[in-house]
Amino acid sequence: MTVHFVGAGPGAADLLTLRAVRLIEAADVCVYAGTYLDAEVLGHCREPVRLVDTQDLDLDQITAVLVDAHHEGLDVVRLCSGDPSVYSALAEQTRRLDAAGVPWDVTPGVPAYAAAAALVGAELTVPELVQSVVLTRAQARSTAMPEGEELERFAATGATLVLHLAITRTAELAERLTPFYGTSCPVVVVYRASQPEQQVLRGTLSDIGAQVDQAGLRQAAVILVGPALARHGSGESFLYAASRDRTVKRR
């Protein structure tokens with residue numbers, strides 16, 4: 001049998017892909033992290049299904065659940081918050097499954113930052129303003145950041161920054177980013193995007209730290225930083241410009 005790593009999206013049960021829903025409905029075992037997952041997503045599971053919440057398990061214990069289910073001849077879905085390509089521990093888990101001879105595959109999901117941007121109607125790449133997006137995180141009680149991935153290096157590019165796992169350090173990070181973006185740079189913080197308890201904070205690098213503290217946000221939030229988050233930009237794409245010669249076709 002196969003272990004299916006499935007992107008559970010930002011939380012809303014109707015933001016799953018059709019493929020994800022089919023896999024969840026067919027699963028004998030559903031392994032998920034209860035800390036971040038909206039329980040409504042589990043409503044796609046059929047009965048009977050074995051549900052395993054991993055929030056109190058370490059990586060080896062999680063792997064044991066996946067391997068044991070495989071040996072029992074059961075199909076397993078391992079739900080990953082957002083999209084498995086970002087901060088999902090996919091590499092560590094699949095490395096262990098390979099060593100155990102257990103087959104696996106991956107189904108993508110809607111990442112949290114995309115849901116956050118959609119919620120506020122923002123395009124993160126605005127023509128003539130910013131054309132790059134950097135996905136990164138802050139380091140606190142977590143794995144050390146690799147050399148060369150300091151926040152200031154990314155900020156120096158002027159790209160839109162998407163900060164994961166950083167909400168408890170918002171004020172500090174805003175202070176570090178100010179020399180590069182300025183105090184009036186727009187910032188959006190979205191807590192539990194698409195879930196019933198979602199919250200959206202709009203501000204600037206000068207005040208977003210205080211807003212986060214006042215709201216008491218401690219986890220499950222993404223921080224978006226950059227001039228692209230301003231409600232109105234002046235740049236427009238050449239692709240759709242009236243002046244573009246559309247008689248020349250690509251080969």
# chains A, B, ... in the order shown; residues from 1 in each chain; ligands from 1

$ residues_around --residues "Thr54 of chain A" --least-positions-apart "4" --cutoff "12 Å" --atoms "only C-alpha atoms" --output "PyMOL selection string"
chain A and resi 30-37+58-66+78-80

$ select_by_dssp --residues "segment 1-248 of chain A" --states "strand (DSSP E)" --output "VMD selection string"
chain A and resid 3 to 7 29 to 32 50 to 53 76 to 80 104 to 107 133 to 137 160 to 164 186 to 191 199 to 204 221 to 225

$ closest_residue --among "A:Ala8, A:Ala99, A:Ala122, A:Leu135" --to "Ser81 of chain A" --atoms "only C-alpha atoms"
A:Ala8

$ residues_around --residues "Tyr191 of chain A" --least-positions-apart "4" --cutoff "12 Å" --atoms "only C-alpha atoms" --output "MDAnalysis selection string"
chainID A and resid 10:11 36 112:113 115:117 119 164:167 195:202 212 215:224

$ closest_residue --among "A:Asp83, A:Glu175, A:Asp75, A:Glu123" --to "Pro111 of chain A" --atoms "only C-alpha atoms"
A:Asp83

$ closest_residue --among "A:Arg192, A:His4, A:Arg176, A:Arg50" --to "Gln93 of chain A" --atoms "only C-alpha atoms"
A:His4

$ residues_around --residues "Phe154 of chain A" --least-positions-apart "5" --cutoff "12 Å" --atoms "only C-alpha atoms" --output "ChimeraX atom specification"
/A:132-137,148-149,159-163,176-177,180-181,225-226

$ write_last_selection --atoms "N, CA, C and O atoms" --output "PDB file, in the first residue's frame"
ATOM      1  N   SER A 132       9.497  39.371  -7.162  1.00  0.00           N
ATOM      2  CA  SER A 132      10.007  38.180  -6.477  1.00  0.00           C
ATOM      3  C   SER A 132       9.342  38.035  -5.119  1.00  0.00           C
ATOM      4  O   SER A 132       8.995  39.027  -4.469  1.00  0.00           O
ATOM      5  N   VAL A 133       9.185  36.787  -4.704  1.00  0.00           N
ATOM      6  CA  VAL A 133       8.620  36.471  -3.394  1.00  0.00           C
ATOM      7  C   VAL A 133       9.593  35.546  -2.671  1.00  0.00           C
ATOM      8  O   VAL A 133      10.046  34.546  -3.227  1.00  0.00           O
ATOM      9  N   VAL A 134       9.911  35.863  -1.432  1.00  0.00           N
ATOM     10  CA  VAL A 134      10.810  35.050  -0.619  1.00  0.00           C
ATOM     11  C   VAL A 134      10.006  34.397   0.498  1.00  0.00           C
ATOM     12  O   VAL A 134       9.357  35.091   1.287  1.00  0.00           O
ATOM     13  N   LEU A 135      10.027  33.072   0.543  1.00  0.00           N
ATOM     14  CA  LEU A 135       9.392  32.333   1.630  1.00  0.00           C
ATOM     15  C   LEU A 135      10.482  31.964   2.625  1.00  0.00           C
ATOM     16  O   LEU A 135      11.422  31.248   2.280  1.00  0.00           O
ATOM     17  N   THR A 136      10.369  32.426   3.847  1.00  0.00           N
ATOM     18  CA  THR A 136      11.383  32.114   4.849  1.00  0.00           C
ATOM     19  C   THR A 136      10.726  32.055   6.219  1.00  0.00           C
ATOM     20  O   THR A 136       9.506  32.134   6.341  1.00  0.00           O
ATOM     21  N   ARG A 137      11.545  31.904   7.242  1.00  0.00           N
ATOM     22  CA  ARG A 137      11.012  31.803   8.593  1.00  0.00           C
ATOM     23  C   ARG A 137      11.969  32.465   9.568  1.00  0.00           C
ATOM     24  O   ARG A 137      13.088  32.842   9.214  1.00  0.00           O
ATOM     25  N   GLY A 148      24.008  32.287   5.426  1.00  0.00           N
ATOM     26  CA  GLY A 148      23.666  33.035   4.223  1.00  0.00           C
ATOM     27  C   GLY A 148      22.194  33.324   4.071  1.00  0.00           C
ATOM     28  O   GLY A 148      21.797  34.050   3.154  1.00  0.00           O
ATOM     29  N   GLU A 149      21.362  32.759   4.952  1.00  0.00           N
ATOM     30  CA  GLU A 149      19.926  32.993   4.855  1.00  0.00           C
ATOM     31  C   GLU A 149      19.431  33.949   5.931  1.00  0.00           C
ATOM     32  O   GLU A 149      18.301  33.845   6.404  1.00  0.00           O
ATOM     33  N   ALA A 159      12.279  42.201  -2.236  1.00  0.00           N
ATOM     34  CA  ALA A 159      11.206  41.267  -2.584  1.00  0.00           C
ATOM     35  C   ALA A 159      10.095  41.282  -1.544  1.00  0.00           C
ATOM     36  O   ALA A 159      10.284  41.739  -0.413  1.00  0.00           O
ATOM     37  N   THR A 160       8.926  40.777  -1.932  1.00  0.00           N
ATOM     38  CA  THR A 160       7.872  40.533  -0.954  1.00  0.00           C
ATOM     39  C   THR A 160       8.330  39.393  -0.047  1.00  0.00           C
ATOM     40  O   THR A 160       8.737  38.339  -0.533  1.00  0.00           O
ATOM     41  N   LEU A 161       8.269  39.607   1.244  1.00  0.00           N
ATOM     42  CA  LEU A 161       8.691  38.585   2.195  1.00  0.00           C
ATOM     43  C   LEU A 161       7.470  37.891   2.791  1.00  0.00           C
ATOM     44  O   LEU A 161       6.503  38.550   3.178  1.00  0.00           O
ATOM     45  N   VAL A 162       7.539  36.582   2.859  1.00  0.00           N
ATOM     46  CA  VAL A 162       6.527  35.776   3.528  1.00  0.00           C
ATOM     47  C   VAL A 162       7.217  35.090   4.693  1.00  0.00           C
ATOM     48  O   VAL A 162       8.089  34.244   4.492  1.00  0.00           O
ATOM     49  N   LEU A 163       6.847  35.462   5.903  1.00  0.00           N
ATOM     50  CA  LEU A 163       7.508  34.953   7.106  1.00  0.00           C
ATOM     51  C   LEU A 163       6.619  33.919   7.789  1.00  0.00           C
ATOM     52  O   LEU A 163       5.505  34.222   8.212  1.00  0.00           O
ATOM     53  N   ARG A 176      14.124  44.865  12.370  1.00  0.00           N
ATOM     54  CA  ARG A 176      15.232  44.465  11.500  1.00  0.00           C
ATOM     55  C   ARG A 176      14.957  44.787  10.027  1.00  0.00           C
ATOM     56  O   ARG A 176      15.877  45.047   9.249  1.00  0.00           O
ATOM     57  N   LEU A 177      13.688  44.760   9.643  1.00  0.00           N
ATOM     58  CA  LEU A 177      13.331  45.005   8.251  1.00  0.00           C
ATOM     59  C   LEU A 177      13.205  46.485   7.907  1.00  0.00           C
ATOM     60  O   LEU A 177      13.320  46.869   6.738  1.00  0.00           O
ATOM     61  N   PHE A 180      15.452  48.499   5.481  1.00  0.00           N
ATOM     62  CA  PHE A 180      15.393  48.115   4.078  1.00  0.00           C
ATOM     63  C   PHE A 180      14.090  48.544   3.410  1.00  0.00           C
ATOM     64  O   PHE A 180      14.078  48.907   2.237  1.00  0.00           O
ATOM     65  N   TYR A 181      12.986  48.495   4.143  1.00  0.00           N
ATOM     66  CA  TYR A 181      11.682  48.785   3.564  1.00  0.00           C
ATOM     67  C   TYR A 181      11.086  50.120   4.029  1.00  0.00           C
ATOM     68  O   TYR A 181      10.163  50.629   3.395  1.00  0.00           O
ATOM     69  N   VAL A 225       5.159  40.926   4.037  1.00  0.00           N
ATOM     70  CA  VAL A 225       5.805  42.240   4.119  1.00  0.00           C
ATOM     71  C   VAL A 225       6.234  42.689   2.736  1.00  0.00           C
ATOM     72  O   VAL A 225       6.831  41.914   1.974  1.00  0.00           O
ATOM     73  N   GLY A 226       5.954  43.957   2.390  1.00  0.00           N
ATOM     74  CA  GLY A 226       6.470  44.504   1.142  1.00  0.00           C
ATOM     75  C   GLY A 226       5.536  45.519   0.513  1.00  0.00           C
ATOM     76  O   GLY A 226       4.334  45.551   0.806  1.00  0.00           O
TER      77      GLY A 226
END

$ closest_residue --among "A:Val49, A:Val188, A:Gln214, A:Ala230" --to "Val130 of chain A" --atoms "only C-alpha atoms"
A:Ala230

$ residues_around --residues "segment 170-173 of chain A" --least-positions-apart "6" --cutoff "8 Å" --atoms "only C-alpha atoms" --output "PyMOL selection string"
chain A and resi 208-210+212

$ write_last_selection --atoms "N, CA, C and O atoms" --output "compact mmCIF listing (two decimals), in the first residue's frame"
# COMPACT_ATOMS: atom_id res chain seq x y z
N ILE A 208 2.97 47.07 13.40
CA ILE A 208 2.42 45.71 13.33
C ILE A 208 2.79 44.90 14.57
O ILE A 208 2.01 44.05 15.01
N GLY A 209 3.95 45.15 15.16
CA GLY A 209 4.34 44.42 16.36
C GLY A 209 3.35 44.65 17.50
O GLY A 209 2.95 43.71 18.19
N ALA A 210 2.96 45.90 17.69
CA ALA A 210 2.01 46.24 18.74
C ALA A 210 0.65 45.61 18.46
O ALA A 210 -0.03 45.15 19.39
N VAL A 212 0.03 42.80 16.83
CA VAL A 212 0.11 41.36 17.10
C VAL A 212 0.07 41.09 18.59
O VAL A 212 -0.61 40.17 19.06

$ residues_around --residues "Ala27 of chain A" --least-positions-apart "5" --cutoff "12 Å" --atoms "only C-alpha atoms" --output "MDAnalysis selection string"
chainID A and resid 1:6 20:22 42 44:51 69:70 73:79

$ select_by_dssp --residues "segment 81-248 of chain A" --states "alpha helix (DSSP H)" --output "MDAnalysis selection string"
chainID A and resid 90:100 112:119 151:155 170:181 208:215

$ closest_residue --among "A:Glu128, A:Asp38, A:Asp56, A:Glu25" --to "Gly9 of chain A" --atoms "only C-alpha atoms"
A:Asp38

$ atom_distance --atom1 "atom CA of Pro186 of chain A" --atom2 "atom CA of Leu205 of chain A"
6.7 Å

$ atom_distance --atom1 "atom CA of Ala155 of chain A" --atom2 "atom CA of Ser194 of chain A"
27.8 Å
